[in-house]
Every structure is written in C-alpha cells, then in structure tokens.
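Q: Below is structure22.cif; it holds mmCIF, C-alpha atoms.
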data_data
#
loop_
_atom_site.label_atom_id
_atom_site.label_comp_id
_atom_site.auth_asym_id
_atom_site.auth_seq_id
_atom_site.Cartn_x
_atom_site.Cartn_y
_atom_site.Cartn_z
CA MET W 1 15.54 -11.63 -2.65
CA PHE W 2 16.87 -9.42 0.13
CA ARG W 3 20.44 -8.15 0.34
CA ASP W 4 20.78 -9.32 3.94
CA SER W 5 18.70 -10.15 7.00
CA SER W 6 18.67 -6.57 8.27
CA HIS W 7 17.24 -5.42 4.92
CA ALA W 8 14.48 -8.02 5.20
CA TRP W 9 13.33 -6.18 8.33
CA ASN W 10 12.75 -3.01 6.32
CA PRO W 11 11.19 -4.34 3.11
CA THR W 12 9.95 -2.15 0.30
CA SER W 13 6.51 -2.61 -1.20
CA GLU W 14 8.14 -4.11 -4.28
CA GLU W 15 10.05 -6.66 -2.20
CA ILE W 16 6.93 -7.65 -0.29
CA ARG W 17 4.98 -8.00 -3.54
CA SER W 18 7.75 -10.06 -5.10
CA TRP W 19 7.85 -12.40 -2.10
CA ALA W 20 4.05 -12.66 -1.99
CA TYR W 21 3.98 -14.33 -5.40
CA SER W 22 7.20 -16.32 -5.08
CA LYS W 23 7.98 -19.77 -3.80
CA GLU W 24 10.66 -18.35 -1.47
CA ARG W 25 10.60 -19.26 2.20
CA ILE W 26 9.72 -16.62 4.75
CA PRO W 27 12.78 -14.31 4.87
CA GLU W 28 12.98 -14.08 8.66
CA GLN W 29 11.17 -15.55 11.63
CA ASP W 30 8.30 -13.28 12.73
CA TRP W 31 8.50 -11.43 9.41
CA GLU W 32 4.83 -10.52 9.91
CA LEU W 33 6.16 -7.70 12.09
CA ALA W 34 8.40 -6.38 9.31
CA VAL W 35 5.69 -6.08 6.66
CA ASN W 36 3.23 -4.28 8.93
CA SER W 37 2.91 -0.55 8.41
CA PHE W 38 0.02 1.72 7.59
CA ASP W 39 1.55 2.19 4.13
CA HIS W 40 1.64 -1.56 3.41
CA ILE W 41 -1.79 -2.54 4.76
CA PRO W 42 -3.78 -1.72 1.58
CA MET W 43 -1.35 -3.83 -0.48
CA ILE W 44 -1.56 -6.67 2.06
CA CYS W 45 -5.35 -6.56 1.82
CA ASN W 46 -5.07 -6.88 -1.96
CA PHE W 47 -2.94 -10.02 -1.51
CA ILE W 48 -5.61 -11.53 0.72
CA ASP W 49 -8.33 -10.77 -1.80
CA ASP W 50 -6.23 -12.10 -4.70
CA GLU W 51 -6.95 -15.80 -5.20
CA THR W 52 -3.67 -16.21 -7.10
CA CYS W 53 -1.63 -15.21 -4.04
CA ASN W 54 -0.82 -18.30 -2.02
CA ARG W 55 0.36 -16.34 1.03
CA ASP W 56 -3.07 -15.25 2.23
CA GLN W 57 -2.73 -16.90 5.66
CA PHE W 58 0.62 -15.23 6.28
CA PHE W 59 -0.73 -11.80 5.33
CA LEU W 60 -4.01 -12.27 7.18
CA SER W 61 -2.06 -13.23 10.29
CA SER W 62 0.03 -10.08 9.87
CA LEU W 63 -3.16 -7.98 9.86
CA TYR W 64 -4.32 -9.48 13.15
CA VAL W 65 -0.90 -8.80 14.67
CA PHE W 66 -1.02 -5.23 13.31
CA THR W 67 -4.39 -4.53 14.93
CA GLY W 68 -3.41 -6.26 18.16
CA ASP W 69 -0.18 -4.30 18.49
CA ILE W 70 -1.96 -0.99 17.94
CA ILE W 71 -4.65 -1.78 20.50
CA ARG W 72 -2.12 -3.02 23.08
CA ALA W 73 -0.04 0.16 22.67
CA SER W 74 -3.16 2.30 23.32
CA LYS W 75 -1.86 5.18 21.21
CA VAL W 76 -4.94 7.25 20.46
CA GLU W 77 -3.64 8.69 17.18
CA GLU W 78 -2.72 5.26 15.80
CA ILE W 79 -6.09 3.85 16.84
CA LYS W 80 -7.83 6.71 15.00
CA LYS W 81 -5.66 6.09 11.95
CA LEU W 82 -6.48 2.38 12.08
CA SER W 83 -10.19 3.13 12.37
CA ILE W 84 -10.08 5.34 9.25
CA LEU W 85 -8.14 2.66 7.37
CA LEU W 86 -10.62 -0.04 8.40
CA ASN W 87 -13.52 2.06 7.10
CA LYS W 88 -11.79 2.39 3.72
CA ILE W 89 -10.97 -1.31 3.50
CA ASP W 90 -14.50 -2.24 4.57
CA LYS W 91 -15.80 -0.62 1.37
CA THR W 92 -13.50 -2.58 -0.95
CA ALA W 93 -12.85 -5.93 0.77
CA LYS W 94 -13.93 -8.90 -1.33
CA SER W 95 -13.09 -11.98 0.70
CA GLU W 96 -14.98 -13.05 3.79
CA LYS W 97 -11.73 -13.50 5.71
CA LEU W 98 -10.70 -9.90 5.04
CA LYS W 99 -14.17 -8.63 5.94
CA ALA W 100 -13.98 -10.65 9.17
CA TRP W 101 -10.66 -9.01 10.07
CA VAL W 102 -12.18 -5.58 9.50
CA GLN W 103 -15.22 -6.34 11.68
CA ARG W 104 -13.18 -7.98 14.43
CA SER W 105 -10.73 -5.07 14.41
CA LYS W 106 -13.55 -2.54 14.70
CA HIS W 107 -14.95 -4.55 17.59
CA LEU W 108 -11.56 -4.65 19.33
CA ILE W 109 -11.21 -0.88 18.97
CA GLN W 110 -14.54 -0.52 20.79
CA TYR W 111 -13.70 -3.18 23.40
CA PRO W 112 -9.91 -3.20 23.86
CA GLU W 113 -10.28 -5.13 27.13
CA GLU W 114 -11.19 -8.16 24.98
CA TYR W 115 -7.67 -8.29 23.53
CA SER W 116 -6.15 -11.78 23.68
CA TYR W 117 -2.71 -12.63 22.33
CA ASP W 118 -4.09 -15.99 21.17
CA TYR W 119 -6.25 -14.18 18.63
CA TRP W 120 -4.36 -10.91 18.03
CA GLY W 121 -0.75 -12.09 18.27
CA MET W 122 1.55 -14.24 16.21
CA GLY W 123 -0.16 -17.43 15.06
CA SER W 124 -3.64 -15.94 15.51
CA LYS W 125 -6.36 -18.51 16.18
CA TYR W 126 -8.54 -16.49 13.81
CA VAL W 127 -6.21 -17.59 11.00
CA TYR W 128 -4.60 -20.89 12.01
#
Spell out the structure here as structure tokens.
A:
Amino acid sequence: MFRDSSHAWNPTSEEIRSWAYSKERIPEQDWELAVNSFDHIPMICNFIDDETCNRDQFFLSSLYVFTGDIIRASKVEEIKKLSILLNKIDKTAKSEKLKAWVQRSKHLIQYPEEYSYDYWGMGSKYVY
C-alpha cells in the first residue's frame, strides 16, 4: 500500500482512505501520529461515523492523541484552530463516540490542567 516505511509516515488522504477500508495491518507502529493533521481530521471523523469502516477505534484513538498533543504543546494558534474545527464537527457528528470526543476536547481546551496521557495519549482509555 505504501512505497516504503518513510512514505507511510507522510500518507496522502487517498492512502489513508484506502487503508481505512482495507484488511491491511497497521502500516507502522504508532501510525496514529502519522495520520493526524488538521487537513485529515474531517476525513477521520467521517470514518468514525461510517458504520462500514471497521477502523473506528484506531481513528478515534488518533483524534484523542491529536487533541492531547495540541493541548500539551500549548500553542495558542493551534488551540484556536482546534476549537474552530471542533465547532464545525460538532454540527455534523453522527455517532455518540465522535460527539463525546468533541465535548471532551472542548472541555480539555477549557481545563488543560486536566490533561492525562492515559486518556489523551496512545491507547486512550476513552477508546480502549
């Protein structure tokens, strides 16, 4: 699916979409970090809301990591961008698990001191 392991760390939207509906194994350990970008988040949310996508836990976990990394970095511009994105997704989210991520992320933006790697890092307890 990917030319090589370094390419898997810079996947295109088409490659992510192809993997999302495939039976292929995860391309690389911690690949949740590779798929996360502001450009990919709307597509990832669509995967979570799509009942035919069997990778919803993987993608939901990637969203929690995405939020957690932004909050931990404390970059004001990225937090503002995340907040705007969350408001857009909040209007279109269908599944309860995606709506929960939006609400929890909004809460974490307001209370960043509540960040816990157990919930906002790899293997999030919100997901697994």
Q: Using the file's own x, y and z axes, what box holds all listed atoms of region 98-117 of chain W with 4 Å on each side, keeping edges along x, y and z, and what are its centre and edge lengths in Å to one decimal, as AutoDock Vina command-line options?
A:
--center_x -9.0 --center_y -6.6 --center_z 16.1 --size_x 20.5 --size_y 20.1 --size_z 30.1
Q: Extract, using only C-alpha atoms, all DNA, RNA and protein residues at most 9 Å from Arg17 (chain W), discarding same-chain residues fewer than 3 positions from it, and format them as a list in words.
A: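 Those residues are Thr12, Ser13, Glu14, Ala20, Tyr21, Ser22, Met43, Ile44 and Phe47 of chain W.
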Q: Rounded to one decimal place, report the CA of Val102 (chain W)-CA of Ile89 (chain W) distance in Å.
A: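 Going from CA of Val102 (chain W) over to CA of Ile89 (chain W), I get 7.5 Å.
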Q: I need the residue nearest Trp101 (chain W) from this list: W:Asp118, W:Leu60, W:Gly68, W:Glu113. Use all atoms listed in the file for the distance.
A: W:Leu60
Q: Check which residues satisfy the PyMOL selection byres ((chain W and resi 78-88) around 8) in the file shown, then give them as a ChimeraX atom specification.
A: /W:38,67,70-71,74-77,89-92,102,105-106,109
Q: What gap, in Å, lies between CA of Asn46 (chain W) and CA of Leu33 (chain W)?
A: 18.0 Å
Q: Could you state the separation of CA of Gln29 (chain W) and CA of Ala93 (chain W) in Å, given to one decimal place?
A: 28.1 Å
Q: Of the residues W:Ser37, W:Pro112, W:Pro42, W:Glu24, which is the one nearest to Arg55 (chain W), using all atoms listed in the file?
A: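 That would be W:Glu24, the residue with the smallest distance to Arg55 (chain W).
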Q: Enumerate, in order of chain and increasing residue number, the residues of region 16-96 of chain W with an atom no farther than 10 Å from region 122-128 of chain W, each with its shortest atom pair and distance in Å to one decimal, counting all atoms listed in the file, as a Markdown table.
A:
| residue | atom | partner | partner_atom | distance |
| --- | --- | --- | --- | --- |
| W:Asp30 | CA | W:Met122 | CA | 7.7 |
| W:Glu32 | CA | W:Met122 | CA | 8.0 |
| W:Leu33 | CA | W:Met122 | CA | 9.0 |
| W:Asp56 | CA | W:Val127 | CA | 9.6 |
| W:Gln57 | CA | W:Val127 | CA | 6.4 |
| W:Phe58 | CA | W:Val127 | CA | 8.6 |
| W:Phe59 | CA | W:Val127 | CA | 9.8 |
| W:Leu60 | CA | W:Val127 | CA | 6.9 |
| W:Ser61 | CA | W:Val127 | CA | 6.1 |
| W:Ser62 | CA | W:Met122 | CA | 7.7 |
| W:Leu63 | CA | W:Ser124 | CA | 9.8 |
| W:Tyr64 | CA | W:Ser124 | CA | 6.9 |
| W:Val65 | CA | W:Met122 | CA | 6.2 |
| W:Phe66 | CA | W:Met122 | CA | 9.8 |
| W:Gly68 | CA | W:Met122 | CA | 9.6 |
Q: For Cys45 (chain W), which residue out of W:Trp9, W:Lys23, W:Glu96, W:Tyr117 is the nearest one, using all atoms listed in the file?
A: W:Glu96
Q: Can you fill out region 80-96 of chain W with N, CA and C atoms and hand it back as a PDB file, in the frame of the given file?
A:
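Once written, part_38.pdb looks like this:
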ATOM      1  N   LYS W  80      -6.998   5.915  15.917  1.00  0.00           N
ATOM      2  CA  LYS W  80      -7.830   6.710  15.000  1.00  0.00           C
ATOM      3  C   LYS W  80      -7.445   6.423  13.554  1.00  0.00           C
ATOM      4  N   LYS W  81      -6.148   6.366  13.304  1.00  0.00           N
ATOM      5  CA  LYS W  81      -5.660   6.090  11.950  1.00  0.00           C
ATOM      6  C   LYS W  81      -6.098   4.700  11.496  1.00  0.00           C
ATOM      7  N   LEU W  82      -6.026   3.734  12.397  1.00  0.00           N
ATOM      8  CA  LEU W  82      -6.480   2.380  12.080  1.00  0.00           C
ATOM      9  C   LEU W  82      -7.973   2.373  11.785  1.00  0.00           C
ATOM     10  N   SER W  83      -8.743   3.077  12.563  1.00  0.00           N
ATOM     11  CA  SER W  83     -10.190   3.130  12.370  1.00  0.00           C
ATOM     12  C   SER W  83     -10.538   3.701  10.982  1.00  0.00           C
ATOM     13  N   ILE W  84      -9.855   4.740  10.583  1.00  0.00           N
ATOM     14  CA  ILE W  84     -10.080   5.340   9.250  1.00  0.00           C
ATOM     15  C   ILE W  84      -9.712   4.329   8.163  1.00  0.00           C
ATOM     16  N   LEU W  85      -8.580   3.656   8.339  1.00  0.00           N
ATOM     17  CA  LEU W  85      -8.140   2.660   7.370  1.00  0.00           C
ATOM     18  C   LEU W  85      -9.142   1.511   7.271  1.00  0.00           C
ATOM     19  N   LEU W  86      -9.635   1.054   8.397  1.00  0.00           N
ATOM     20  CA  LEU W  86     -10.620  -0.040   8.400  1.00  0.00           C
ATOM     21  C   LEU W  86     -11.877   0.354   7.650  1.00  0.00           C
ATOM     22  N   ASN W  87     -12.326   1.600   7.818  1.00  0.00           N
ATOM     23  CA  ASN W  87     -13.520   2.060   7.100  1.00  0.00           C
ATOM     24  C   ASN W  87     -13.303   2.050   5.591  1.00  0.00           C
ATOM     25  N   LYS W  88     -12.100   2.413   5.150  1.00  0.00           N
ATOM     26  CA  LYS W  88     -11.790   2.390   3.720  1.00  0.00           C
ATOM     27  C   LYS W  88     -11.764   0.952   3.195  1.00  0.00           C
ATOM     28  N   ILE W  89     -11.096   0.079   3.930  1.00  0.00           N
ATOM     29  CA  ILE W  89     -10.970  -1.310   3.500  1.00  0.00           C
ATOM     30  C   ILE W  89     -12.327  -2.008   3.510  1.00  0.00           C
ATOM     31  N   ASP W  90     -13.164  -1.647   4.462  1.00  0.00           N
ATOM     32  CA  ASP W  90     -14.500  -2.240   4.570  1.00  0.00           C
ATOM     33  C   ASP W  90     -15.308  -2.029   3.292  1.00  0.00           C
ATOM     34  N   LYS W  91     -15.061  -0.937   2.595  1.00  0.00           N
ATOM     35  CA  LYS W  91     -15.800  -0.620   1.370  1.00  0.00           C
ATOM     36  C   LYS W  91     -15.309  -1.408   0.156  1.00  0.00           C
ATOM     37  N   THR W  92     -14.071  -1.922   0.230  1.00  0.00           N
ATOM     38  CA  THR W  92     -13.500  -2.580  -0.950  1.00  0.00           C
ATOM     39  C   THR W  92     -13.178  -4.065  -0.739  1.00  0.00           C
ATOM     40  N   ALA W  93     -13.207  -4.531   0.485  1.00  0.00           N
ATOM     41  CA  ALA W  93     -12.850  -5.930   0.770  1.00  0.00           C
ATOM     42  C   ALA W  93     -13.766  -6.884   0.011  1.00  0.00           C
ATOM     43  N   LYS W  94     -13.163  -7.920  -0.565  1.00  0.00           N
ATOM     44  CA  LYS W  94     -13.930  -8.900  -1.330  1.00  0.00           C
ATOM     45  C   LYS W  94     -14.108 -10.206  -0.570  1.00  0.00           C
ATOM     46  N   SER W  95     -13.041 -10.669   0.046  1.00  0.00           N
ATOM     47  CA  SER W  95     -13.090 -11.980   0.700  1.00  0.00           C
ATOM     48  C   SER W  95     -13.726 -11.896   2.087  1.00  0.00           C
ATOM     49  N   GLU W  96     -14.351 -12.986   2.465  1.00  0.00           N
ATOM     50  CA  GLU W  96     -14.980 -13.050   3.790  1.00  0.00           C
ATOM     51  C   GLU W  96     -13.941 -12.961   4.901  1.00  0.00           C
TER      52      GLU W  96
END
